[in-house]
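What follows is the content of entry19.cif (mmCIF, N, CA and C atoms).
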```
data_model
loop_
_atom_site.label_atom_id
_atom_site.label_comp_id
_atom_site.auth_asym_id
_atom_site.auth_seq_id
_atom_site.Cartn_x
_atom_site.Cartn_y
_atom_site.Cartn_z
N MET L 1450 84.54 124.39 101.07
CA MET L 1450 84.50 124.87 99.70
C MET L 1450 83.42 124.09 98.94
N PRO L 1451 82.57 124.82 98.18
CA PRO L 1451 81.51 124.12 97.44
C PRO L 1451 82.07 123.24 96.33
N LYS L 1452 81.36 122.19 96.06
CA LYS L 1452 81.75 121.27 95.00
C LYS L 1452 81.59 121.96 93.64
N PRO L 1453 82.59 121.88 92.77
CA PRO L 1453 82.46 122.49 91.43
C PRO L 1453 81.29 121.86 90.66
N GLN L 1454 80.63 122.67 89.87
CA GLN L 1454 79.51 122.19 89.07
C GLN L 1454 79.83 122.34 87.59
N ARG L 1455 79.30 121.42 86.83
CA ARG L 1455 79.44 121.53 85.38
C ARG L 1455 78.58 122.67 84.87
N TRP L 1456 79.08 123.36 83.86
CA TRP L 1456 78.34 124.46 83.26
C TRP L 1456 78.62 124.52 81.77
N CYS L 1457 77.76 125.23 81.06
CA CYS L 1457 77.99 125.52 79.65
C CYS L 1457 77.31 126.84 79.33
N ALA L 1458 77.72 127.42 78.22
CA ALA L 1458 77.16 128.70 77.81
C ALA L 1458 77.02 128.74 76.30
N CYS L 1459 76.00 129.44 75.86
CA CYS L 1459 75.76 129.64 74.43
C CYS L 1459 75.56 131.13 74.20
N PHE L 1460 76.20 131.66 73.19
CA PHE L 1460 76.12 133.08 72.89
C PHE L 1460 75.72 133.30 71.44
N ASP L 1461 75.05 134.40 71.20
CA ASP L 1461 74.82 134.90 69.84
C ASP L 1461 74.14 133.92 68.90
N LEU L 1462 73.02 133.39 69.31
CA LEU L 1462 72.26 132.50 68.45
C LEU L 1462 71.67 133.25 67.25
N HIS L 1463 71.19 134.46 67.48
CA HIS L 1463 70.62 135.33 66.44
C HIS L 1463 69.44 134.70 65.71
N GLY L 1464 68.56 134.02 66.45
CA GLY L 1464 67.29 133.54 65.92
C GLY L 1464 67.38 132.80 64.61
N ASP L 1465 66.76 133.35 63.57
CA ASP L 1465 66.71 132.67 62.29
C ASP L 1465 68.03 132.74 61.52
N CYS L 1466 69.04 133.38 62.08
CA CYS L 1466 70.37 133.41 61.46
C CYS L 1466 71.27 132.30 62.00
N GLN L 1467 70.76 131.51 62.94
CA GLN L 1467 71.57 130.48 63.58
C GLN L 1467 72.07 129.44 62.58
N ASP L 1468 73.19 128.85 62.90
CA ASP L 1468 73.73 127.74 62.12
C ASP L 1468 73.09 126.48 62.69
N GLU L 1469 72.14 125.92 61.96
CA GLU L 1469 71.37 124.79 62.48
C GLU L 1469 72.24 123.57 62.79
N SER L 1470 73.27 123.36 62.00
CA SER L 1470 74.18 122.24 62.26
C SER L 1470 74.92 122.44 63.58
N ALA L 1471 75.41 123.64 63.80
CA ALA L 1471 76.12 123.94 65.05
C ALA L 1471 75.17 123.81 66.25
N VAL L 1472 73.93 124.23 66.08
CA VAL L 1472 72.95 124.14 67.17
C VAL L 1472 72.67 122.67 67.50
N ARG L 1473 72.56 121.82 66.49
CA ARG L 1473 72.34 120.38 66.75
C ARG L 1473 73.51 119.79 67.54
N VAL L 1474 74.72 120.14 67.15
CA VAL L 1474 75.91 119.65 67.85
C VAL L 1474 75.92 120.18 69.29
N PHE L 1475 75.57 121.44 69.46
CA PHE L 1475 75.53 122.03 70.80
C PHE L 1475 74.54 121.28 71.69
N HIS L 1476 73.35 121.02 71.19
CA HIS L 1476 72.35 120.31 71.99
C HIS L 1476 72.82 118.89 72.34
N ARG L 1477 73.50 118.23 71.42
CA ARG L 1477 74.05 116.89 71.73
C ARG L 1477 75.10 116.99 72.83
N PHE L 1478 75.95 118.02 72.75
CA PHE L 1478 76.95 118.21 73.79
C PHE L 1478 76.30 118.46 75.14
N VAL L 1479 75.29 119.32 75.19
CA VAL L 1479 74.62 119.64 76.45
C VAL L 1479 74.02 118.37 77.06
N LYS L 1480 73.42 117.55 76.22
CA LYS L 1480 72.84 116.29 76.72
C LYS L 1480 73.93 115.39 77.29
N TYR L 1481 75.06 115.30 76.63
CA TYR L 1481 76.18 114.48 77.10
C TYR L 1481 76.79 115.06 78.37
N TRP L 1482 77.06 116.36 78.39
CA TRP L 1482 77.76 117.02 79.49
C TRP L 1482 76.88 117.13 80.73
N ASN L 1483 75.57 117.29 80.53
CA ASN L 1483 74.59 117.38 81.62
C ASN L 1483 74.99 118.43 82.67
N PRO L 1484 75.13 119.68 82.23
CA PRO L 1484 75.58 120.72 83.17
C PRO L 1484 74.49 121.15 84.14
N ALA L 1485 74.89 121.53 85.33
CA ALA L 1485 73.95 122.06 86.32
C ALA L 1485 73.62 123.52 86.03
N ILE L 1486 74.57 124.21 85.43
CA ILE L 1486 74.41 125.63 85.11
C ILE L 1486 74.45 125.78 83.60
N LYS L 1487 73.39 126.37 83.05
CA LYS L 1487 73.31 126.59 81.60
C LYS L 1487 73.02 128.07 81.36
N ILE L 1488 73.93 128.73 80.67
CA ILE L 1488 73.84 130.17 80.45
C ILE L 1488 73.51 130.45 78.99
N MET L 1489 72.53 131.31 78.77
CA MET L 1489 72.29 131.87 77.44
C MET L 1489 72.89 133.26 77.47
N GLY L 1490 73.91 133.46 76.67
CA GLY L 1490 74.72 134.67 76.77
C GLY L 1490 74.28 135.85 75.92
N GLY L 1491 73.06 135.92 75.52
CA GLY L 1491 72.59 137.11 74.82
C GLY L 1491 72.45 136.93 73.32
N ASP L 1492 71.76 137.86 72.72
CA ASP L 1492 71.46 137.86 71.28
C ASP L 1492 70.77 136.57 70.86
N LEU L 1493 69.76 136.22 71.62
CA LEU L 1493 68.96 135.03 71.34
C LEU L 1493 68.26 135.15 69.99
N MET L 1494 67.70 136.32 69.74
CA MET L 1494 67.02 136.61 68.47
C MET L 1494 67.81 137.71 67.77
N ASP L 1495 67.69 137.79 66.45
CA ASP L 1495 68.41 138.84 65.73
C ASP L 1495 67.70 140.18 65.83
N LEU L 1496 66.38 140.18 65.67
CA LEU L 1496 65.56 141.39 65.77
C LEU L 1496 66.10 142.53 64.91
N ARG L 1497 66.60 142.18 63.71
CA ARG L 1497 67.20 143.19 62.83
C ARG L 1497 66.20 144.27 62.42
N TRP L 1498 64.93 143.94 62.43
CA TRP L 1498 63.88 144.90 62.06
C TRP L 1498 63.73 146.01 63.11
N LEU L 1499 64.31 145.81 64.31
CA LEU L 1499 64.28 146.83 65.35
C LEU L 1499 65.57 147.65 65.41
N ARG L 1500 66.52 147.31 64.56
CA ARG L 1500 67.80 148.01 64.56
C ARG L 1500 67.58 149.47 64.17
N GLY L 1501 68.32 150.37 64.79
CA GLY L 1501 68.18 151.79 64.51
C GLY L 1501 68.36 152.15 63.05
N ARG L 1502 69.27 151.48 62.38
CA ARG L 1502 69.51 151.76 60.97
C ARG L 1502 69.04 150.60 60.09
N ALA L 1503 67.95 149.99 60.47
CA ALA L 1503 67.40 148.88 59.68
C ALA L 1503 67.01 149.40 58.29
N SER L 1504 67.31 148.59 57.30
CA SER L 1504 66.93 148.96 55.93
C SER L 1504 65.42 148.84 55.79
N GLU L 1505 64.90 149.44 54.73
CA GLU L 1505 63.46 149.33 54.47
C GLU L 1505 63.06 147.86 54.29
N GLY L 1506 63.93 147.08 53.66
CA GLY L 1506 63.66 145.66 53.49
C GLY L 1506 63.60 144.93 54.82
N GLU L 1507 64.54 145.25 55.72
CA GLU L 1507 64.54 144.61 57.05
C GLU L 1507 63.30 145.01 57.84
N LYS L 1508 62.86 146.24 57.70
CA LYS L 1508 61.68 146.70 58.42
C LYS L 1508 60.41 146.01 57.93
N ARG L 1509 60.43 145.50 56.70
CA ARG L 1509 59.24 144.83 56.15
C ARG L 1509 59.32 143.31 56.26
N GLU L 1510 60.44 142.78 56.77
CA GLU L 1510 60.58 141.32 56.89
C GLU L 1510 59.57 140.77 57.89
N ARG L 1511 59.19 139.53 57.65
CA ARG L 1511 58.39 138.81 58.65
C ARG L 1511 59.32 138.47 59.81
N VAL L 1512 58.82 138.55 61.01
CA VAL L 1512 59.67 138.35 62.18
C VAL L 1512 59.39 137.03 62.90
N GLU L 1513 58.36 136.34 62.50
CA GLU L 1513 57.95 135.12 63.19
C GLU L 1513 59.05 134.07 63.24
N ALA L 1514 59.75 133.85 62.12
CA ALA L 1514 60.80 132.83 62.09
C ALA L 1514 61.92 133.17 63.06
N ASP L 1515 62.30 134.44 63.13
CA ASP L 1515 63.36 134.88 64.02
C ASP L 1515 62.98 134.64 65.48
N VAL L 1516 61.80 135.10 65.85
CA VAL L 1516 61.32 134.95 67.24
C VAL L 1516 61.15 133.47 67.59
N ASN L 1517 60.49 132.72 66.72
CA ASN L 1517 60.25 131.30 67.00
C ASN L 1517 61.55 130.51 67.12
N ALA L 1518 62.53 130.81 66.27
CA ALA L 1518 63.81 130.09 66.35
C ALA L 1518 64.48 130.31 67.70
N GLY L 1519 64.44 131.54 68.19
CA GLY L 1519 65.02 131.82 69.51
C GLY L 1519 64.27 131.12 70.62
N LEU L 1520 62.94 131.19 70.59
CA LEU L 1520 62.15 130.57 71.64
C LEU L 1520 62.27 129.04 71.62
N GLU L 1521 62.30 128.45 70.43
CA GLU L 1521 62.44 126.99 70.34
C GLU L 1521 63.80 126.54 70.88
N PHE L 1522 64.83 127.32 70.61
CA PHE L 1522 66.15 126.99 71.17
C PHE L 1522 66.08 126.98 72.69
N LEU L 1523 65.47 128.02 73.27
CA LEU L 1523 65.38 128.10 74.74
C LEU L 1523 64.59 126.95 75.32
N LYS L 1524 63.51 126.56 74.65
CA LYS L 1524 62.70 125.45 75.16
C LYS L 1524 63.50 124.18 75.26
N LYS L 1525 64.40 123.97 74.32
CA LYS L 1525 65.21 122.76 74.33
C LYS L 1525 66.40 122.90 75.29
N TYR L 1526 67.03 124.04 75.29
CA TYR L 1526 68.23 124.27 76.11
C TYR L 1526 67.91 124.41 77.59
N LYS L 1527 66.82 125.08 77.91
CA LYS L 1527 66.39 125.32 79.30
C LYS L 1527 67.50 125.95 80.14
N PRO L 1528 67.90 127.19 79.80
CA PRO L 1528 68.99 127.82 80.55
C PRO L 1528 68.60 128.13 82.00
N THR L 1529 69.60 128.17 82.86
CA THR L 1529 69.38 128.58 84.25
C THR L 1529 69.55 130.08 84.39
N SER L 1530 70.23 130.72 83.44
CA SER L 1530 70.35 132.17 83.44
C SER L 1530 70.53 132.68 82.01
N MET L 1531 70.14 133.94 81.84
CA MET L 1531 70.28 134.58 80.54
C MET L 1531 70.81 135.98 80.71
N LEU L 1532 71.82 136.28 79.92
CA LEU L 1532 72.35 137.62 79.86
C LEU L 1532 71.73 138.30 78.64
N MET L 1533 71.21 139.49 78.81
CA MET L 1533 70.59 140.20 77.70
C MET L 1533 71.68 140.86 76.87
N GLY L 1534 71.72 140.54 75.58
CA GLY L 1534 72.69 141.14 74.68
C GLY L 1534 72.14 142.38 74.02
N ASN L 1535 72.95 143.01 73.17
CA ASN L 1535 72.51 144.24 72.52
C ASN L 1535 71.29 144.00 71.62
N HIS L 1536 71.20 142.84 70.99
CA HIS L 1536 70.04 142.56 70.15
C HIS L 1536 68.80 142.36 71.02
N ASP L 1537 68.95 141.74 72.17
CA ASP L 1537 67.84 141.55 73.10
C ASP L 1537 67.35 142.89 73.64
N HIS L 1538 68.27 143.82 73.85
CA HIS L 1538 67.89 145.14 74.36
C HIS L 1538 67.08 145.94 73.34
N ARG L 1539 67.17 145.58 72.06
CA ARG L 1539 66.32 146.22 71.06
C ARG L 1539 64.85 146.02 71.41
N LEU L 1540 64.54 144.84 71.89
CA LEU L 1540 63.16 144.52 72.27
C LEU L 1540 62.72 145.38 73.45
N ILE L 1541 63.57 145.49 74.45
CA ILE L 1541 63.26 146.27 75.65
C ILE L 1541 63.06 147.74 75.27
N LYS L 1542 63.97 148.25 74.44
CA LYS L 1542 63.88 149.65 74.00
C LYS L 1542 62.57 149.92 73.25
N ALA L 1543 62.18 148.99 72.39
CA ALA L 1543 60.95 149.16 71.61
C ALA L 1543 59.71 149.12 72.49
N MET L 1544 59.81 148.47 73.65
CA MET L 1544 58.65 148.36 74.53
C MET L 1544 58.29 149.70 75.19
N VAL L 1545 59.17 150.69 75.09
CA VAL L 1545 58.90 151.99 75.71
C VAL L 1545 58.89 153.12 74.67
N CYS L 1546 58.77 152.78 73.41
CA CYS L 1546 58.73 153.80 72.36
C CYS L 1546 57.33 154.41 72.27
N ASP L 1547 57.15 155.35 71.38
CA ASP L 1547 55.86 156.03 71.24
C ASP L 1547 54.91 155.37 70.26
N ASP L 1548 55.30 154.25 69.68
CA ASP L 1548 54.49 153.57 68.67
C ASP L 1548 53.67 152.47 69.35
N GLY L 1549 52.39 152.75 69.61
CA GLY L 1549 51.53 151.82 70.36
C GLY L 1549 51.53 150.39 69.83
N PRO L 1550 51.31 150.18 68.51
CA PRO L 1550 51.30 148.80 68.00
C PRO L 1550 52.65 148.10 68.19
N LEU L 1551 53.75 148.85 68.01
CA LEU L 1551 55.07 148.25 68.20
C LEU L 1551 55.29 147.88 69.66
N VAL L 1552 54.86 148.74 70.57
CA VAL L 1552 54.97 148.45 72.00
C VAL L 1552 54.20 147.18 72.33
N ASP L 1553 52.98 147.08 71.83
CA ASP L 1553 52.15 145.89 72.10
C ASP L 1553 52.81 144.63 71.56
N PHE L 1554 53.29 144.69 70.32
CA PHE L 1554 53.90 143.52 69.70
C PHE L 1554 55.17 143.09 70.43
N CYS L 1555 56.03 144.06 70.75
CA CYS L 1555 57.27 143.73 71.44
C CYS L 1555 57.02 143.25 72.86
N THR L 1556 56.00 143.79 73.50
CA THR L 1556 55.64 143.32 74.85
C THR L 1556 55.19 141.87 74.79
N ARG L 1557 54.43 141.51 73.76
CA ARG L 1557 54.00 140.11 73.62
C ARG L 1557 55.20 139.19 73.42
N ILE L 1558 56.15 139.60 72.59
CA ILE L 1558 57.36 138.79 72.39
C ILE L 1558 58.11 138.66 73.71
N HIS L 1559 58.25 139.75 74.43
CA HIS L 1559 58.96 139.74 75.72
C HIS L 1559 58.25 138.82 76.72
N ASP L 1560 56.92 138.90 76.77
CA ASP L 1560 56.16 138.03 77.67
C ASP L 1560 56.36 136.55 77.32
N ASP L 1561 56.36 136.24 76.02
CA ASP L 1561 56.62 134.86 75.59
C ASP L 1561 58.01 134.42 76.00
N LEU L 1562 58.98 135.31 75.85
CA LEU L 1562 60.36 135.01 76.24
C LEU L 1562 60.44 134.71 77.73
N MET L 1563 59.82 135.56 78.54
CA MET L 1563 59.88 135.37 79.99
C MET L 1563 59.17 134.07 80.41
N GLU L 1564 58.10 133.74 79.72
CA GLU L 1564 57.38 132.50 80.03
C GLU L 1564 58.26 131.28 79.73
N VAL L 1565 58.94 131.32 78.60
CA VAL L 1565 59.82 130.19 78.24
C VAL L 1565 61.00 130.11 79.20
N LEU L 1566 61.53 131.25 79.63
CA LEU L 1566 62.66 131.25 80.55
C LEU L 1566 62.27 130.73 81.93
N GLY L 1567 61.01 130.85 82.29
CA GLY L 1567 60.55 130.31 83.57
C GLY L 1567 61.34 130.87 84.75
N ASP L 1568 62.01 130.00 85.49
CA ASP L 1568 62.73 130.40 86.69
C ASP L 1568 64.17 130.83 86.43
N ALA L 1569 64.57 130.89 85.16
CA ALA L 1569 65.94 131.32 84.85
C ALA L 1569 66.16 132.75 85.32
N VAL L 1570 67.35 133.02 85.80
CA VAL L 1570 67.72 134.36 86.23
C VAL L 1570 68.10 135.16 84.99
N VAL L 1571 67.55 136.36 84.87
CA VAL L 1571 67.82 137.21 83.70
C VAL L 1571 68.62 138.41 84.14
N TYR L 1572 69.72 138.64 83.46
CA TYR L 1572 70.59 139.79 83.76
C TYR L 1572 70.55 140.77 82.62
#
```
Output the structure of this file as structure tokens.
Amino acid sequence: MPKPQRWCACFDLHGDCQDESAVRVFHRFVKYWNPAIKIMGGDLMDLRWLRGRASEGEKRERVEADVNAGLEFLKKYKPTSMLMGNHDHRLIKAMVCDDGPLVDFCTRIHDDLMEVLGDAVVY
């Protein structure tokens, strides 16, 4: 029987909507616990501007803070696997829409995400 391994998981960060205090405590815990398996459980970024019923205000919001907050979290957490949540799937869906500039922009965000994830398994 294989030896049990320490693990931890984080869900629903929602990018720039994250609770920064909770994130600091989480990172301290991860450092203390030193898990072999680290799971990012989806909704890394909020991507509210890609929501089907996004308000006009949400569609005009700057997205850099949301994307950067998610990517910075991943850089520090270094998950071994990531589950794509419904908010993450907004990005995938937008990458195949008919709006060329939106496809290009979302593809760039996705490429940045995959680069930061490195060897992590993505589900």
Residue nearest L:Cys1459 among L:Gly1567, L:Pro1550, L:Pro1484, L:Gly1491 (counting only N, CA and C atoms)
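Closest candidate: L:Gly1491.
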Which residue, L:Gly1501, L:Lys1542, L:Leu1493, L:Asp1548, has the smallest gap to L:Leu1562 when you use only C-alpha atoms?
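The closest residue to L:Leu1562 is L:Leu1493.
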Show me as a PyMOL selection string the residues that reach within 7 Å of (65.3, 140.4, 65.5), counting only N, CA and C atoms and using the file's own coordinates.
chain L and resi 1494-1499+1512+1515-1516+1536
Would you give the centre and edge lengths, in Å to one decimal, of a box along x, y and z around the listed atoms of stretch 1539-1553 of chain L, with 4 Å added to each side, as lines of an AutoDock Vina configuration file?
```
center_x = 59.2
center_y = 150.3
center_z = 71.9
size_x = 23.9
size_y = 19.5
size_z = 15.7
```
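With only N, CA and C atoms as the basis for measurement, L:Cys1457 is the residue among L:Val1571, L:Val1552, L:Cys1457, L:Met1544 that approaches L:Asn1483 most closely.
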Atom CA of L:Ala1503 sits from atom CA of L:Tyr1572 at a separation of 25.9 Å
Which residues are near L:Met1533? Cut-off 12 Å, only C-alpha atoms, ignore same chain within fewer than 4 positions. Put them as a list in words.
Phe1460, Asp1461, Ile1488, Met1489, Gly1490, Gly1491, Asp1492, Leu1493, Met1494, Asp1537, His1538, Arg1539, Leu1540, Ile1541, His1559, Leu1562, Met1563, Val1570, Val1571 and Tyr1572 of chain L
Could you dump the residues just selected with N, CA and C atoms as a PDB file, in the frame of the given file?
```pdb
ATOM      1  N   PHE L1460      76.200 131.660  73.190  1.00  0.00           N
ATOM      2  CA  PHE L1460      76.120 133.080  72.890  1.00  0.00           C
ATOM      3  C   PHE L1460      75.720 133.300  71.440  1.00  0.00           C
ATOM      4  N   ASP L1461      75.050 134.400  71.200  1.00  0.00           N
ATOM      5  CA  ASP L1461      74.820 134.900  69.840  1.00  0.00           C
ATOM      6  C   ASP L1461      74.140 133.920  68.900  1.00  0.00           C
ATOM      7  N   ILE L1488      73.930 128.730  80.670  1.00  0.00           N
ATOM      8  CA  ILE L1488      73.840 130.170  80.450  1.00  0.00           C
ATOM      9  C   ILE L1488      73.510 130.450  78.990  1.00  0.00           C
ATOM     10  N   MET L1489      72.530 131.310  78.770  1.00  0.00           N
ATOM     11  CA  MET L1489      72.290 131.870  77.440  1.00  0.00           C
ATOM     12  C   MET L1489      72.890 133.260  77.470  1.00  0.00           C
ATOM     13  N   GLY L1490      73.910 133.460  76.670  1.00  0.00           N
ATOM     14  CA  GLY L1490      74.720 134.670  76.770  1.00  0.00           C
ATOM     15  C   GLY L1490      74.280 135.850  75.920  1.00  0.00           C
ATOM     16  N   GLY L1491      73.060 135.920  75.520  1.00  0.00           N
ATOM     17  CA  GLY L1491      72.590 137.110  74.820  1.00  0.00           C
ATOM     18  C   GLY L1491      72.450 136.930  73.320  1.00  0.00           C
ATOM     19  N   ASP L1492      71.760 137.860  72.720  1.00  0.00           N
ATOM     20  CA  ASP L1492      71.460 137.860  71.280  1.00  0.00           C
ATOM     21  C   ASP L1492      70.770 136.570  70.860  1.00  0.00           C
ATOM     22  N   LEU L1493      69.760 136.220  71.620  1.00  0.00           N
ATOM     23  CA  LEU L1493      68.960 135.030  71.340  1.00  0.00           C
ATOM     24  C   LEU L1493      68.260 135.150  69.990  1.00  0.00           C
ATOM     25  N   MET L1494      67.700 136.320  69.740  1.00  0.00           N
ATOM     26  CA  MET L1494      67.020 136.610  68.470  1.00  0.00           C
ATOM     27  C   MET L1494      67.810 137.710  67.770  1.00  0.00           C
ATOM     28  N   ASP L1537      68.950 141.740  72.170  1.00  0.00           N
ATOM     29  CA  ASP L1537      67.840 141.550  73.100  1.00  0.00           C
ATOM     30  C   ASP L1537      67.350 142.890  73.640  1.00  0.00           C
ATOM     31  N   HIS L1538      68.270 143.820  73.850  1.00  0.00           N
ATOM     32  CA  HIS L1538      67.890 145.140  74.360  1.00  0.00           C
ATOM     33  C   HIS L1538      67.080 145.940  73.340  1.00  0.00           C
ATOM     34  N   ARG L1539      67.170 145.580  72.060  1.00  0.00           N
ATOM     35  CA  ARG L1539      66.320 146.220  71.060  1.00  0.00           C
ATOM     36  C   ARG L1539      64.850 146.020  71.410  1.00  0.00           C
ATOM     37  N   LEU L1540      64.540 144.840  71.890  1.00  0.00           N
ATOM     38  CA  LEU L1540      63.160 144.520  72.270  1.00  0.00           C
ATOM     39  C   LEU L1540      62.720 145.380  73.450  1.00  0.00           C
ATOM     40  N   ILE L1541      63.570 145.490  74.450  1.00  0.00           N
ATOM     41  CA  ILE L1541      63.260 146.270  75.650  1.00  0.00           C
ATOM     42  C   ILE L1541      63.060 147.740  75.270  1.00  0.00           C
ATOM     43  N   HIS L1559      58.250 139.750  74.430  1.00  0.00           N
ATOM     44  CA  HIS L1559      58.960 139.740  75.720  1.00  0.00           C
ATOM     45  C   HIS L1559      58.250 138.820  76.720  1.00  0.00           C
ATOM     46  N   LEU L1562      58.980 135.310  75.850  1.00  0.00           N
ATOM     47  CA  LEU L1562      60.360 135.010  76.240  1.00  0.00           C
ATOM     48  C   LEU L1562      60.440 134.710  77.730  1.00  0.00           C
ATOM     49  N   MET L1563      59.820 135.560  78.540  1.00  0.00           N
ATOM     50  CA  MET L1563      59.880 135.370  79.990  1.00  0.00           C
ATOM     51  C   MET L1563      59.170 134.070  80.410  1.00  0.00           C
ATOM     52  N   VAL L1570      67.350 133.020  85.800  1.00  0.00           N
ATOM     53  CA  VAL L1570      67.720 134.360  86.230  1.00  0.00           C
ATOM     54  C   VAL L1570      68.100 135.160  84.990  1.00  0.00           C
ATOM     55  N   VAL L1571      67.550 136.360  84.870  1.00  0.00           N
ATOM     56  CA  VAL L1571      67.820 137.210  83.700  1.00  0.00           C
ATOM     57  C   VAL L1571      68.620 138.410  84.140  1.00  0.00           C
ATOM     58  N   TYR L1572      69.720 138.640  83.460  1.00  0.00           N
ATOM     59  CA  TYR L1572      70.590 139.790  83.760  1.00  0.00           C
ATOM     60  C   TYR L1572      70.550 140.770  82.620  1.00  0.00           C
TER      61      TYR L1572
END
```
Just so the selection is clear, what residues does the PyMOL selection byres ((chain L and resi 1466) around 8) cover here, as a list in words?
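Output of the PyMOL selection byres ((chain L and resi 1466) around 8): Asp1461, Leu1462, His1463, Gly1464, Asp1465, Gln1467, Asp1468, Glu1469, Met1494, Asp1495, Ala1514, Asp1515, Ala1518 and Gly1519 of chain L.
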DSSP strand (DSSP E) residues within stretch 1463-1564 of chain L, listed as a ChimeraX atom specification
/L:1486-1489,1530-1531
Could you take the residues named above and write them with N, CA and C atoms, as a compact mmCIF listing (two decimals), in the coordinates of the input?
```txt
# COMPACT_ATOMS: atom_id res chain seq x y z
N ILE L 1486 74.57 124.21 85.43
CA ILE L 1486 74.41 125.63 85.11
C ILE L 1486 74.45 125.78 83.60
N LYS L 1487 73.39 126.37 83.05
CA LYS L 1487 73.31 126.59 81.60
C LYS L 1487 73.02 128.07 81.36
N ILE L 1488 73.93 128.73 80.67
CA ILE L 1488 73.84 130.17 80.45
C ILE L 1488 73.51 130.45 78.99
N MET L 1489 72.53 131.31 78.77
CA MET L 1489 72.29 131.87 77.44
C MET L 1489 72.89 133.26 77.47
N SER L 1530 70.23 130.72 83.44
CA SER L 1530 70.35 132.17 83.44
C SER L 1530 70.53 132.68 82.01
N MET L 1531 70.14 133.94 81.84
CA MET L 1531 70.28 134.58 80.54
C MET L 1531 70.81 135.98 80.71
```
What is the atom CA of L:Arg1455 to atom N of L:Ile1486 distance in Å?
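According to the coordinates, atom CA of L:Arg1455 and atom N of L:Ile1486 are separated by 5.6 Å.
Of the residues listed (L:Cys1546, L:Met1531, L:Ala1485, L:Leu1520), L:Leu1520 shows the shortest atom-to-atom separation from L:Ile1558; distances use only C-alpha atoms.
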Enter the distance from atom N of L:Ala1458 to atom CA of L:Val1479, in Å, rounded to one decimal.
8.6 Å
In chain L, what's alpha helix (DSSP H) per DSSP? Answer as a PyMOL selection string?
chain L and resi 1469-1482+1505-1509+1513-1526+1535-1543+1549-1566
Do you know which residues are at most 8 Å from L:Lys1527 counting all atoms listed in the file, after dropping those on the same chain fewer than 2 positions away, and could you put them as number ranges by chain?
L: 1486-1489, 1521-1525, 1529-1530, 1565-1566, 1569
Deliver the residues from the most recent selection as a file, using N, CA and C atoms, as an mmCIF file, keeping the file's coordinate frame.
```
data_model
loop_
_atom_site.group_PDB
_atom_site.id
_atom_site.type_symbol
_atom_site.label_atom_id
_atom_site.label_comp_id
_atom_site.auth_asym_id
_atom_site.auth_seq_id
_atom_site.Cartn_x
_atom_site.Cartn_y
_atom_site.Cartn_z
ATOM 1 N N ILE L 1486 74.570 124.210 85.430
ATOM 2 C CA ILE L 1486 74.410 125.630 85.110
ATOM 3 C C ILE L 1486 74.450 125.780 83.600
ATOM 4 N N LYS L 1487 73.390 126.370 83.050
ATOM 5 C CA LYS L 1487 73.310 126.590 81.600
ATOM 6 C C LYS L 1487 73.020 128.070 81.360
ATOM 7 N N ILE L 1488 73.930 128.730 80.670
ATOM 8 C CA ILE L 1488 73.840 130.170 80.450
ATOM 9 C C ILE L 1488 73.510 130.450 78.990
ATOM 10 N N MET L 1489 72.530 131.310 78.770
ATOM 11 C CA MET L 1489 72.290 131.870 77.440
ATOM 12 C C MET L 1489 72.890 133.260 77.470
ATOM 13 N N GLU L 1521 62.300 128.450 70.430
ATOM 14 C CA GLU L 1521 62.440 126.990 70.340
ATOM 15 C C GLU L 1521 63.800 126.540 70.880
ATOM 16 N N PHE L 1522 64.830 127.320 70.610
ATOM 17 C CA PHE L 1522 66.150 126.990 71.170
ATOM 18 C C PHE L 1522 66.080 126.980 72.690
ATOM 19 N N LEU L 1523 65.470 128.020 73.270
ATOM 20 C CA LEU L 1523 65.380 128.100 74.740
ATOM 21 C C LEU L 1523 64.590 126.950 75.320
ATOM 22 N N LYS L 1524 63.510 126.560 74.650
ATOM 23 C CA LYS L 1524 62.700 125.450 75.160
ATOM 24 C C LYS L 1524 63.500 124.180 75.260
ATOM 25 N N LYS L 1525 64.400 123.970 74.320
ATOM 26 C CA LYS L 1525 65.210 122.760 74.330
ATOM 27 C C LYS L 1525 66.400 122.900 75.290
ATOM 28 N N THR L 1529 69.600 128.170 82.860
ATOM 29 C CA THR L 1529 69.380 128.580 84.250
ATOM 30 C C THR L 1529 69.550 130.080 84.390
ATOM 31 N N SER L 1530 70.230 130.720 83.440
ATOM 32 C CA SER L 1530 70.350 132.170 83.440
ATOM 33 C C SER L 1530 70.530 132.680 82.010
ATOM 34 N N VAL L 1565 58.940 131.320 78.600
ATOM 35 C CA VAL L 1565 59.820 130.190 78.240
ATOM 36 C C VAL L 1565 61.000 130.110 79.200
ATOM 37 N N LEU L 1566 61.530 131.250 79.630
ATOM 38 C CA LEU L 1566 62.660 131.250 80.550
ATOM 39 C C LEU L 1566 62.270 130.730 81.930
ATOM 40 N N ALA L 1569 64.570 130.890 85.160
ATOM 41 C CA ALA L 1569 65.940 131.320 84.850
ATOM 42 C C ALA L 1569 66.160 132.750 85.320
#
```
Distance criterion (only C-alpha atoms): nearest to L:Val1472 out of L:Tyr1526, L:Glu1507, L:Arg1500, L:Leu1532
L:Tyr1526
